[in-house]
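Asks: Sending over final.cif (mmCIF, C-alpha atoms and all ligand atoms).
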data_entry
loop_
_atom_site.group_PDB
_atom_site.id
_atom_site.type_symbol
_atom_site.label_atom_id
_atom_site.label_comp_id
_atom_site.auth_asym_id
_atom_site.auth_seq_id
_atom_site.Cartn_x
_atom_site.Cartn_y
_atom_site.Cartn_z
ATOM 1 C CA MET A 110 180.839 -85.313 -85.189
ATOM 2 C CA ILE A 111 182.975 -87.267 -82.770
ATOM 3 C CA GLY A 112 185.867 -84.792 -83.226
ATOM 4 C CA LYS A 113 183.529 -81.913 -82.509
ATOM 5 C CA ILE A 114 182.082 -83.432 -79.370
ATOM 6 C CA GLN A 115 185.541 -84.259 -78.077
ATOM 7 C CA LEU A 116 186.427 -80.552 -78.084
ATOM 8 C CA ARG A 117 183.461 -79.729 -75.908
ATOM 9 C CA LYS A 118 183.858 -79.023 -72.296
ATOM 10 C CA GLY A 119 182.861 -81.939 -70.091
ATOM 11 C CA PHE A 120 183.567 -84.624 -72.698
ATOM 12 C CA LYS A 121 184.016 -87.961 -70.941
ATOM 13 C CA PRO A 122 186.348 -90.272 -72.889
ATOM 14 C CA ASP A 123 185.122 -93.413 -71.098
ATOM 15 C CA TYR A 124 181.515 -92.751 -72.164
ATOM 16 C CA CYS A 125 179.966 -93.518 -75.536
ATOM 17 C CA HIS A 126 181.209 -91.000 -78.139
ATOM 18 C CA LYS A 127 177.939 -90.830 -80.015
ATOM 19 C CA PRO A 128 176.454 -87.325 -80.095
ATOM 20 C CA VAL A 129 172.772 -87.506 -79.258
ATOM 21 C CA TRP A 130 170.315 -84.791 -80.234
ATOM 22 C CA SER A 131 168.402 -83.073 -77.500
ATOM 23 C CA GLY A 132 164.616 -83.053 -77.528
ATOM 24 C CA GLY A 133 164.402 -79.779 -79.462
ATOM 25 C CA GLY A 134 166.981 -80.949 -81.968
ATOM 26 C CA TRP A 135 169.227 -77.844 -81.791
ATOM 27 C CA HIS A 136 171.987 -79.212 -79.580
ATOM 28 C CA SER A 137 173.697 -82.532 -79.329
ATOM 29 C CA TYR A 138 175.249 -83.936 -76.215
ATOM 30 C CA GLN A 139 177.398 -86.925 -75.463
ATOM 31 C CA CYS A 140 175.545 -90.214 -74.981
ATOM 32 C CA LYS A 141 175.256 -90.938 -71.268
ATOM 33 C CA ARG A 142 176.075 -94.662 -71.532
ATOM 34 C CA LYS A 143 179.487 -96.180 -70.777
ATOM 35 C CA ILE A 144 181.635 -97.470 -73.642
ATOM 36 C CA TRP A 145 180.803 -101.064 -74.561
ATOM 37 C CA LYS A 146 183.173 -101.495 -77.528
ATOM 38 C CA ASP A 147 185.145 -99.208 -79.907
ATOM 39 C CA GLU A 148 184.125 -95.924 -78.178
ATOM 40 C CA TYR A 149 180.402 -96.748 -78.369
ATOM 41 C CA CYS A 150 177.756 -98.077 -76.032
ATOM 42 C CA LYS A 151 175.906 -101.217 -77.121
ATOM 43 C CA GLN A 152 173.016 -99.180 -78.515
ATOM 44 C CA HIS A 153 175.173 -96.850 -80.651
ATOM 45 C CA HIS A 154 177.890 -99.213 -81.849
ATOM 46 C CA PRO A 155 177.700 -99.199 -85.677
ATOM 47 C CA ASP A 156 177.654 -103.023 -85.793
ATOM 48 C CA GLU A 157 174.706 -103.109 -83.371
ATOM 49 C CA VAL A 158 172.907 -100.311 -85.245
ATOM 50 C CA GLU A 159 173.370 -102.246 -88.494
ATOM 51 C CA ALA A 160 172.290 -105.532 -86.846
ATOM 52 C CA ARG A 161 169.095 -103.852 -85.531
ATOM 53 C CA PHE A 162 168.431 -102.356 -88.963
ATOM 54 C CA GLN A 163 168.877 -105.746 -90.645
ATOM 55 C CA LYS A 164 166.686 -107.470 -88.029
ATOM 56 C CA LYS A 165 163.876 -104.931 -88.531
ATOM 57 C CA ARG A 166 164.299 -105.235 -92.292
ATOM 58 C CA ALA A 167 164.002 -109.034 -92.091
ATOM 59 C CA GLU A 168 160.926 -108.672 -89.850
ATOM 60 C CA ARG A 169 159.347 -106.240 -92.323
ATOM 61 C CA ILE A 170 160.031 -108.604 -95.215
ATOM 62 C CA ALA A 171 158.595 -111.557 -93.266
ATOM 63 C CA ALA A 172 155.501 -109.525 -92.296
ATOM 64 C CA ASN A 173 154.987 -108.447 -95.929
ATOM 65 C CA LYS A 174 155.371 -112.021 -97.118
ATOM 66 C CA SER A 175 152.856 -113.211 -94.533
ATOM 67 C CA ARG A 176 150.420 -110.450 -95.559
ATOM 68 C CA GLN A 177 150.839 -111.383 -99.231
ATOM 69 C CA GLU A 178 150.236 -115.053 -98.451
ATOM 70 C CA ASN A 179 147.063 -114.169 -96.527
ATOM 71 C CA ILE A 180 145.824 -112.075 -99.448
ATOM 72 C CA HIS A 181 146.584 -114.908 -101.870
ATOM 73 C CA ALA A 182 144.819 -117.451 -99.657
ATOM 74 C CA LYS A 183 141.775 -115.143 -99.475
ATOM 75 C CA CYS A 184 141.819 -114.728 -103.275
ATOM 76 C CA ARG A 185 142.044 -118.493 -103.779
ATOM 77 C CA THR A 186 139.043 -119.004 -101.450
ATOM 78 C CA GLU A 187 137.042 -116.339 -103.313
ATOM 79 C CA ILE A 188 137.972 -117.817 -106.714
ATOM 80 C CA GLU A 189 136.898 -121.244 -105.461
ATOM 81 C CA ALA A 190 133.545 -119.860 -104.250
ATOM 82 C CA LEU A 191 133.008 -118.017 -107.567
ATOM 83 C CA THR A 192 133.902 -121.141 -109.553
ATOM 84 C CA GLN A 193 131.380 -123.158 -107.551
ATOM 85 C CA MET A 194 128.775 -120.448 -108.101
ATOM 86 C CA ARG A 195 129.473 -120.396 -111.848
ATOM 87 C CA ASP A 196 129.211 -124.209 -112.025
ATOM 88 C CA GLU A 197 125.898 -124.045 -110.155
ATOM 89 C CA VAL A 198 124.582 -121.370 -112.565
ATOM 90 C CA GLU A 199 125.652 -123.532 -115.537
ATOM 91 C CA ARG A 200 123.876 -126.538 -113.983
ATOM 92 C CA ILE A 201 120.674 -124.498 -113.425
ATOM 93 C CA LYS A 202 120.861 -123.110 -116.972
ATOM 94 C CA ALA A 203 121.272 -126.616 -118.418
ATOM 95 C CA GLU A 204 118.344 -127.850 -116.316
ATOM 96 C CA ALA A 205 116.233 -124.882 -117.442
ATOM 97 C CA HIS A 206 116.993 -125.716 -121.095
ATOM 98 C CA VAL A 207 115.835 -129.298 -120.582
ATOM 99 C CA ASN A 208 112.737 -128.063 -118.745
ATOM 100 C CA ALA A 209 112.013 -125.528 -121.492
ATOM 101 C CA ASP A 210 112.411 -128.238 -124.168
ATOM 102 C CA HIS A 211 110.041 -130.531 -122.280
ATOM 103 C CA PHE A 212 107.588 -127.695 -121.822
ATOM 104 C CA THR A 213 107.696 -126.844 -125.557
ATOM 105 C CA TYR A 214 107.332 -130.514 -126.495
ATOM 106 C CA ASP A 215 104.336 -130.988 -124.149
ATOM 107 C CA LEU A 216 102.726 -127.753 -125.349
ATOM 108 C CA MET A 217 103.065 -128.720 -129.015
ATOM 109 C CA ARG A 218 101.646 -132.189 -128.316
ATOM 110 C CA THR A 219 98.693 -130.590 -126.544
ATOM 111 C CA ILE A 220 98.092 -128.200 -129.462
ATOM 112 C CA LEU A 221 98.379 -130.969 -132.062
ATOM 113 C CA ASP A 222 96.070 -133.183 -129.946
ATOM 114 C CA ALA A 223 93.527 -130.349 -129.730
ATOM 115 C CA GLN A 224 93.692 -129.955 -133.494
ATOM 116 C CA GLY A 225 93.271 -133.720 -133.906
ATOM 117 C CA LYS A 226 96.643 -133.933 -135.698
ATOM 118 C CA LYS A 227 99.279 -136.620 -135.376
ATOM 119 C CA HIS A 228 102.530 -135.829 -133.650
ATOM 120 C CA GLU A 229 104.949 -138.585 -134.577
ATOM 121 C CA ASP A 230 107.336 -136.063 -136.038
ATOM 122 C CA LEU A 231 107.893 -134.281 -132.789
HETATM 123 ZN ZN ZN B 301 175.671 -94.431 -76.831
#
Once more with this new file: its structure as structure tokens, please.

Replies:
Amino acid sequence: MIGKIQLRKGFKPDYCHKPVWSGGGWHSYQCKRKIWKDEYCKQHHPDEVEARFQKKRAERIAANKSRQENIHAKCRTEIEALTQMRDEVERIKAEAHVNADHFTYDLMRTILDAQGKKHEDL
């Protein structure tokens, strides 16, 4: 691409050699910035392009990690709430069993009393 652009009329050797696509995408023209290093402006130098790519990549990875950590924290909170709810249900169930046993015991005593029977065996 650089060879091609150099053959074009109006090529400026002291300007960045990177061909840039026009808005429509059919024609490329020479970058309008002055050379910064190795025939490229700071924006188009391969080292800078790579550094930007790596920086964005690192930012993406960090953002993903942060998102994952937030999701995990939310899950842990929900699990904690569900565990508490389950424990509360178990407590209520246990209490209901005791209450039901007492109710049955009292009812049987009442019945046996009404029938004039003894209830030592209860
Ligand atoms: Zn450039």

Asks: Which residues are near ligand ZN 301 (chain B) in this structure, taking near to mean any atom at most 12 Å from a ligand atom and counting only C-alpha atoms and all ligand atoms? Format them as a list of chain:residue names.

Replies: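 Counting only what the definition allows, namely only C-alpha atoms and all ligand atoms, the set is A:Ile111, A:Asp123, A:Tyr124, A:Cys125, A:His126, A:Lys127, A:Pro128, A:Val129, A:Trp130, A:Tyr138, A:Gln139, A:Cys140, A:Lys141, A:Arg142, A:Lys143, A:Ile144, A:Trp145, A:Lys146, A:Asp147, A:Glu148, A:Tyr149, A:Cys150, A:Lys151, A:Gln152, A:His153, A:His154, A:Pro155, A:Glu157, A:Val158.
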
Asks: Could you jot down the CA of Ala160 (chain A) to CA of Gly132 (chain A) separation for me, Å, one decimal place?

Replies: 25.5 Å

Asks: If I take CA of Asp215 (chain A) and CA of Ile201 (chain A), how far is one from the other in Å, to one decimal?

Replies: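 Interatomic distance, CA of Asp215 (chain A) to CA of Ile201 (chain A): 20.6 Å.
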
Asks: What does the structure give for the distance between CA of Leu216 (chain A) and CA of Arg200 (chain A), in Å to one decimal?

Replies: 24.0 Å

Asks: Build an axis-aligned box that encloses every atom of region 208-218 of chain A listed in the file, pad it by 5 Å on each side, and report its centre and edge lengths in Å to one decimal, as AutoDock Vina command-line options.

Replies:
--center_x 107.2 --center_y -128.9 --center_z -123.9 --size_x 21.1 --size_y 16.7 --size_z 20.3
